[in-house]
Structure formats: C-alpha cells, structure tokens
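Colleague: Dropping the structure in here first, questions after.
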Amino acid sequence: MAAVERQTAEPIAEPLPLHRFSAERMLHKEFEACDKGFTRMTTAAIRRLAVPSPGQLIDRARGMVPEIRALAEETERNRNVLPHIIDKIRDAELLRTCRPKEFGGFEYDGETALRIALTISAACASTGWAVNGAVSNGRSIAHFPIEAQREVWDGNEDPFTCACFAPTGTAVPVDGGYVLSGAWSFASGCDASSWVKLGAFITPPSAKPSQALEGAFFLLPIGDCEIVDNWFVCGLAGTGSKDIVVREAFVPAHRVLLFADARSGTALGAKYHKNPLYRMPLLIHGASMLASTAVGAARGALDAYLEMTRARKTRGALAGGQLPMAEFATIQLRYAEAAAAVESAELMLLADMRDMTQKLYAGEEITVADRIRCRRNQAWVTKLAVQAVEALNASTGGSGLHLSNPVQRAWRDANAVARHVSLNWDAVGTMYGQHAFGLEPRGQY
C-alpha cells in the first residue's frame, strides 16, 4: 500500500501552476466585476494565484461541515441545496478538483475527490450527492471532445453541472450532429446547473425495432431543457433531482460521448489530455463518487449517534427506566457493528481508487476484470453503509421518528443511494458473478 501511496502522490504533491493566460483571464474577470473607482480581488481570485494542495481542498470542505450540518433539515425542506452553499462550494474551488489545468482546474486524482465527497456527505447527504456529481463531472466532461470542454469551461467560471445516465432519450442523426428528444429522471442539482449530460440511444430514422442501438451522452446547456418540479421524496430529499424534458434539441457532434468510449477510458477528450487520470473509465470514478454519499452519510450518522447516546437515558417505566443508554450491551454492539461497517467501506472505496490510479500512472491497462471488481466493491460499500445506518436507526427509539434526527435522515439517505441502479447489490453482484463464471456480464461496467 505504501508503494501505491507514493506513486499516487507524486503527480499531486507539487501541482503545476495554472496556465498563465488562464490565470490572467481569471483575474481580469474578477477586476471587471469591481465597483467603479474601487479595485479589489475576491477571495477566490486571490486563491487562484496559488494552486491549493489536495489537503487544503479537503480542509476547505471540512471547514464548511458545521454550517452544512446545521442546514441539513432546511435543505430537505427546500428540496434543493441552498444557493449560498453552492456559492461557498464554488468559492472553495472544489468544483476545480478534477478539472484539467488547461481550464483552471487542479487535475487531482480520485482519492482527493472522494475525501471531499465523504466529508460533505457526512454533514448532509443531499448536499453531498449534488456536489459530488458536480465535482465528478470535472473528470467526466474531460472525456468529451476538446471543443465541448472549451464551451463549458473557457469562460473561467465554475459552472455547476448535472447528469442523467439512463438512456431514456432518442437521438436522431442529422447533418452536423443529432436531434435529441426525451424525458429523464433524477437530474440532481439541475436548478443550479448550467450544463446537463443526458443518456440516449442513437436512433437512425431507418432503425428497426429489433436493431441494437448505440448509447451515448449528450451535453446540453440547461436552457435547452425543461425542468419538471416533481421532486417530493423521502430520501436524498434535498438534492433537487427533478425530471428533465428535451424536445427536438440540436446537439452538435462534438458534444457527444459514446458509452463504450466513456466506460473504457478511450474517449477523444481522454486522448487529448496528457494526464493519464483522464483515461480512468467513467464508472470507476463516477460510481465511486455516488457510493461515497452513502458511506459519508453513515459516517455522519455514526458521529451523531455517539453524541446523542452518551447523554441519553431510557424513559420506559417497565424496561430499564432512567438507565443510561450507553450501559446497554445491545447499544454498544450496534455502535461497534456500524463503526466496523463504515470503516471497512471507507477503506475499500479509497483503496480501489488508489489501485486504479497507480495503474494509470504506471501506464498499465485497466482491464474489464478491474472494472467489474470496482463495480462490485462500489455496490458492496453501499450495502455496508446501509447495514451501518440500519443498526443505528433501529435503536434510536421514539426520538428517531423526528425528521430532525440526523441518524434517521442518514438512514433514509443511504437507502436512497442504494436504490441507484449503479449501486444495487443484486444487479452489480450478479454481474460480478457472471464474469467470474465466464459468462457475459449483463450490466454497465
């Protein structure tokens, strides 16, 4: 493991400075926004004169935890991450974590992104889910042709982005691109987003019903879409994961990314960037970030449970009335079980990302077996997170019924994460078993 850490750390220990022209444009934009007769730089502009280290970015995320945790219940009621929290995420430059240096990003590896994701998700899983997707898109958008990347990032802003992976749309080839139509669900953070990435099948006009179709992601400005306000749910309620509808929107060819290229890490954008990190198969990075929300939520529940239970006494007249809860062996065992599950999940998630990053830096191929093993572990750590919150929530008593109870919220949120098809243990575990027995896996890897 030490060798892995050394190889992973070398490219990120002393990050290269931002491209001089890019940095100048950033500062120029900051100065233009100043009041007449008074010149000043914002905190973000000053920070961009020096690239933050991975540790500094994680510390910035950690510094926001108290406020994000305090606002978790309000975030649920709002059904969206609060706008000023989005602003703070931008100001902390977390959206630049994985973005290419050419566009003002820091090009840090997946472990840095995961640690940020775990930190925020422990405070509020809804905030974590929406932010984790936006941070992850700093890597996934870099898979698109360079023309698309320039459209998204050349303005030196920090655009929030969202995605719907399921190919529930239809893309008809036309001269210069495609005409996209369809409806998508679970567009997390869409209200705060400037761009959206939508999955669809490429469907030629002459396609037959039985014909196998190729799937792809289509990148659109959010203005080309209709947002349907239907997000009324019991888990991840503050993610604003509303439906998206597109009616015959033209998408130029340079804003299209084939599923096959994204899964294998062989996309045009990956080949353009010199950093091998951009050849990471999409689901190794993206699904790990999704799983980190459940693991982070379980970590937050563990901390909240310990804090609440230390001072709690039973109130029952017949069963252990007025005795400290911490003295019950069942409570001690539930906490131990949950702690072991959370720590195991964190270690597994981070170790897989380190291993895959090491292979990229060493110029080795990430094989189908590697990809499917990572997919298995992503679903397994999500199952461990659910196991942890189930153990804790079952012993919160009547107080656990309140929506304000952080353990109960984490229980709902972790279960919601586990319903994502990419993290469903039955689906992904079966896919791993199929591969092990020499069968063709039925699923995305």
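Chain identifiers are assigned as A, B, and so on, following the order in which chains appear in the structure tokens; residues are numbered from 1 within each chain, and ligands are numbered from 1 in order of appearance.
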Can you list every residue in region 79-220 of chain A that DSSP puts in helix (DSSP H, G or I), as a ChimeraX atom specification?

Modeller: /A:83-91,94-96,101-103,110-123,125-143,146-153,190-192

Colleague: So that I can see what lies close to Ala301 (chain A), please list as an NGL selection string the residues with an atom at most 12 Å from it, counting only C-alpha atoms and leaving out residues fewer than 5 positions away in the same chain.

Modeller: :A and (69 or 121-125 or 294-296 or 306-309 or 335 or 338-339 or 342 or 385-393 or 396 or 400 or 405-414)

Colleague: Can you pull out every residue within 10 Å of Arg376 (chain A), counting only C-alpha atoms, but drop anything in the same chain fewer than 5 positions away, and send it as an NGL selection string?

Modeller: :A and (370-371 or 381 or 422-433 or 445)

Colleague: Take the residues just selected and output them with N, CA and C atoms as a PDB file, in the first residue's frame.

Modeller:
ATOM      1  N   ASP A 370     -10.734  -5.555 -13.816  1.00  0.00           N
ATOM      2  CA  ASP A 370     -10.562  -4.450 -12.870  1.00  0.00           C
ATOM      3  C   ASP A 370     -11.854  -3.655 -12.735  1.00  0.00           C
ATOM      4  N   ARG A 371     -12.436  -3.348 -13.871  1.00  0.00           N
ATOM      5  CA  ARG A 371     -13.646  -2.523 -13.871  1.00  0.00           C
ATOM      6  C   ARG A 371     -14.795  -3.212 -13.141  1.00  0.00           C
ATOM      7  N   VAL A 381     -19.797  -1.478  -0.764  1.00  0.00           N
ATOM      8  CA  VAL A 381     -19.624  -0.445   0.269  1.00  0.00           C
ATOM      9  C   VAL A 381     -20.946   0.281   0.519  1.00  0.00           C
ATOM     10  N   SER A 422     -26.718   1.771 -10.423  1.00  0.00           N
ATOM     11  CA  SER A 422     -25.273   1.527 -10.475  1.00  0.00           C
ATOM     12  C   SER A 422     -24.732   0.966  -9.169  1.00  0.00           C
ATOM     13  N   LEU A 423     -25.524   1.060  -8.088  1.00  0.00           N
ATOM     14  CA  LEU A 423     -25.064   0.635  -6.772  1.00  0.00           C
ATOM     15  C   LEU A 423     -25.938  -0.461  -6.177  1.00  0.00           C
ATOM     16  N   ASN A 424     -26.885  -0.968  -6.955  1.00  0.00           N
ATOM     17  CA  ASN A 424     -27.776  -2.018  -6.481  1.00  0.00           C
ATOM     18  C   ASN A 424     -26.997  -3.326  -6.358  1.00  0.00           C
ATOM     19  N   TRP A 425     -26.929  -3.860  -5.148  1.00  0.00           N
ATOM     20  CA  TRP A 425     -26.079  -5.028  -4.923  1.00  0.00           C
ATOM     21  C   TRP A 425     -26.531  -6.243  -5.727  1.00  0.00           C
ATOM     22  N   ASP A 426     -27.807  -6.482  -5.811  1.00  0.00           N
ATOM     23  CA  ASP A 426     -28.283  -7.644  -6.556  1.00  0.00           C
ATOM     24  C   ASP A 426     -27.868  -7.559  -8.022  1.00  0.00           C
ATOM     25  N   ALA A 427     -28.009  -6.378  -8.616  1.00  0.00           N
ATOM     26  CA  ALA A 427     -27.674  -6.221 -10.032  1.00  0.00           C
ATOM     27  C   ALA A 427     -26.168  -6.288 -10.260  1.00  0.00           C
ATOM     28  N   VAL A 428     -25.404  -5.543  -9.454  1.00  0.00           N
ATOM     29  CA  VAL A 428     -23.954  -5.468  -9.678  1.00  0.00           C
ATOM     30  C   VAL A 428     -23.255  -6.730  -9.184  1.00  0.00           C
ATOM     31  N   GLY A 429     -23.710  -7.269  -8.058  1.00  0.00           N
ATOM     32  CA  GLY A 429     -23.106  -8.506  -7.564  1.00  0.00           C
ATOM     33  C   GLY A 429     -23.303  -9.654  -8.541  1.00  0.00           C
ATOM     34  N   THR A 430     -24.479  -9.723  -9.138  1.00  0.00           N
ATOM     35  CA  THR A 430     -24.741 -10.750 -10.151  1.00  0.00           C
ATOM     36  C   THR A 430     -23.832 -10.581 -11.354  1.00  0.00           C
ATOM     37  N   MET A 431     -23.602  -9.323 -11.742  1.00  0.00           N
ATOM     38  CA  MET A 431     -22.716  -9.057 -12.876  1.00  0.00           C
ATOM     39  C   MET A 431     -21.301  -9.564 -12.591  1.00  0.00           C
ATOM     40  N   TYR A 432     -20.827  -9.358 -11.370  1.00  0.00           N
ATOM     41  CA  TYR A 432     -19.501  -9.852 -10.986  1.00  0.00           C
ATOM     42  C   TYR A 432     -19.461 -11.381 -11.039  1.00  0.00           C
ATOM     43  N   GLY A 433     -20.514 -12.010 -10.536  1.00  0.00           N
ATOM     44  CA  GLY A 433     -20.572 -13.466 -10.580  1.00  0.00           C
ATOM     45  C   GLY A 433     -20.596 -14.005 -11.996  1.00  0.00           C
ATOM     46  N   TYR A 445     -20.324  -1.581 -17.037  1.00  0.00           N
ATOM     47  CA  TYR A 445     -19.074  -1.621 -16.289  1.00  0.00           C
ATOM     48  C   TYR A 445     -17.976  -0.877 -17.036  1.00  0.00           C
TER      49      TYR A 445
END

Colleague: Using only C-alpha atoms, can you tell me which of A:Ala192, A:Val81, A:Ala341, A:Leu180 comes closest to Phe217 (chain A)?

Modeller: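 The shortest atom-to-atom distance to Phe217 (chain A) comes from A:Leu180.
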
Colleague: For Asn80 (chain A), work out the shell of residues within 6 Å, counting only C-alpha atoms and skipping chain neighbours fewer than 6 positions away, then give it as a list in words.

Modeller: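 Here the answer would be Gly238, Thr239 and Gly240 of chain A.
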
Colleague: Could you dump the residues just selected with N, CA and C atoms as an mmCIF file, in the first residue's frame?

Modeller:
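Full text of selection.cif as output:
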data_model
loop_
_atom_site.group_PDB
_atom_site.id
_atom_site.type_symbol
_atom_site.label_atom_id
_atom_site.label_comp_id
_atom_site.auth_asym_id
_atom_site.auth_seq_id
_atom_site.Cartn_x
_atom_site.Cartn_y
_atom_site.Cartn_z
ATOM 1 N N GLY A 238 -33.111 16.662 -0.404
ATOM 2 C CA GLY A 238 -32.600 17.995 -0.693
ATOM 3 C C GLY A 238 -31.722 18.091 -1.921
ATOM 4 N N THR A 239 -31.763 17.088 -2.789
ATOM 5 C CA THR A 239 -30.879 17.085 -3.959
ATOM 6 C C THR A 239 -31.475 17.783 -5.176
ATOM 7 N N GLY A 240 -32.769 18.112 -5.124
ATOM 8 C CA GLY A 240 -33.398 18.744 -6.282
ATOM 9 C C GLY A 240 -33.321 17.895 -7.533
#

Colleague: Just how far from CA of Arg77 (chain A) is CA of Ser126 (chain A), in Å to one decimal?

Modeller: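 Taking CA of Ser126 (chain A) as the start and CA of Arg77 (chain A) as the end point, the length is 11.2 Å.
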
Colleague: Pick the closest to Asn230 (chain A) from A:Lys274, A:Arg419, A:Arg79, A:Arg139: which is it, counting only C-alpha atoms?

Modeller: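 Result for the nearest residue to Asn230 (chain A): A:Arg79.
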
Colleague: Applying 9 Å and only C-alpha atoms, which residues near Arg90 (chain A) remain after dropping the ones on its own chain fewer than 6 positions away? List them as JSON, numbers by chain.

Modeller: {"A": [44, 96, 158, 159, 160]}

Colleague: List the spatial neighbours of Ala148 (chain A) as a ChimeraX atom specification - criterion: any atom at most 12 Å away, only C-alpha atoms, same-chain residues fewer than 5 positions off excluded.

Modeller: /A:140-143,153-154,195,197,218-221,251-257,268-269

Colleague: Just the selected residues (C-alpha atoms), exported as a PDB file, in the first residue's frame, please.

Modeller:
ATOM      1  CA  SER A 140     -16.296  13.070 -16.963  1.00  0.00           C
ATOM      2  CA  ILE A 141     -16.715  16.217 -19.092  1.00  0.00           C
ATOM      3  CA  ALA A 142     -13.000  15.954 -19.872  1.00  0.00           C
ATOM      4  CA  HIS A 143     -13.896  12.768 -21.797  1.00  0.00           C
ATOM      5  CA  TRP A 153     -15.017  25.851 -19.146  1.00  0.00           C
ATOM      6  CA  ASP A 154     -13.400  28.543 -21.293  1.00  0.00           C
ATOM      7  CA  TRP A 195     -24.985  22.232 -18.362  1.00  0.00           C
ATOM      8  CA  LYS A 197     -25.329  15.458 -19.581  1.00  0.00           C
ATOM      9  CA  PHE A 218     -25.315  14.295 -24.967  1.00  0.00           C
ATOM     10  CA  LEU A 219     -24.122  17.563 -23.429  1.00  0.00           C
ATOM     11  CA  LEU A 220     -26.612  20.449 -23.495  1.00  0.00           C
ATOM     12  CA  PRO A 221     -26.955  23.920 -21.965  1.00  0.00           C
ATOM     13  CA  VAL A 251     -26.737  18.710 -30.247  1.00  0.00           C
ATOM     14  CA  PRO A 252     -23.564  19.198 -32.327  1.00  0.00           C
ATOM     15  CA  ALA A 253     -21.395  16.126 -32.814  1.00  0.00           C
ATOM     16  CA  HIS A 254     -18.597  17.493 -30.629  1.00  0.00           C
ATOM     17  CA  ARG A 255     -20.926  17.387 -27.613  1.00  0.00           C
ATOM     18  CA  VAL A 256     -21.492  13.631 -27.857  1.00  0.00           C
ATOM     19  CA  LEU A 257     -19.655  10.923 -25.913  1.00  0.00           C
ATOM     20  CA  LEU A 268     -11.352  11.694 -27.574  1.00  0.00           C
ATOM     21  CA  GLY A 269     -11.020  14.021 -24.599  1.00  0.00           C
TER      22      GLY A 269
END

Colleague: Taking 5 positions as the minimum chain separation for residues in the same chain, which residues sit within 10 Å of Pro204 (chain A) when counting only C-alpha atoms? Answer as a PyMOL selection string.

Modeller: chain A and resi 170-174+178+213

Colleague: Restricting the calculation to only C-alpha atoms, which member of A:Ala270, A:Ala326, A:Ala345, A:Leu360 is positioned closest to Gly110 (chain A)?

Modeller: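 The closest residue to Gly110 (chain A) is A:Leu360.
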
Colleague: Looking at A:Glu214, A:Glu226, A:Glu346, A:Asp109, which one is nearest to Leu258 (chain A), with distances taken over only C-alpha atoms?

Modeller: A:Glu214

Colleague: Between CA of Arg263 (chain A) and CA of Leu283 (chain A), what is the distance, to one decimal in Å?

Modeller: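 Separation between CA of Arg263 (chain A) and CA of Leu283 (chain A): 6.4 Å.
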
Colleague: Ranking A:Thr266, A:Gln211, A:Thr97, A:Thr119 by minimum distance to Pro66 (chain A) and counting only C-alpha atoms, which one comes first?

Modeller: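 Closest to Pro66 (chain A) of all the choices is A:Thr119.
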
Colleague: Choose the residue, out of A:Ala369, A:Ala187, A:Ala166, A:Val65, that has the smallest atom-to-atom separation from Phe201 (chain A); count only C-alpha atoms.

Modeller: A:Ala166
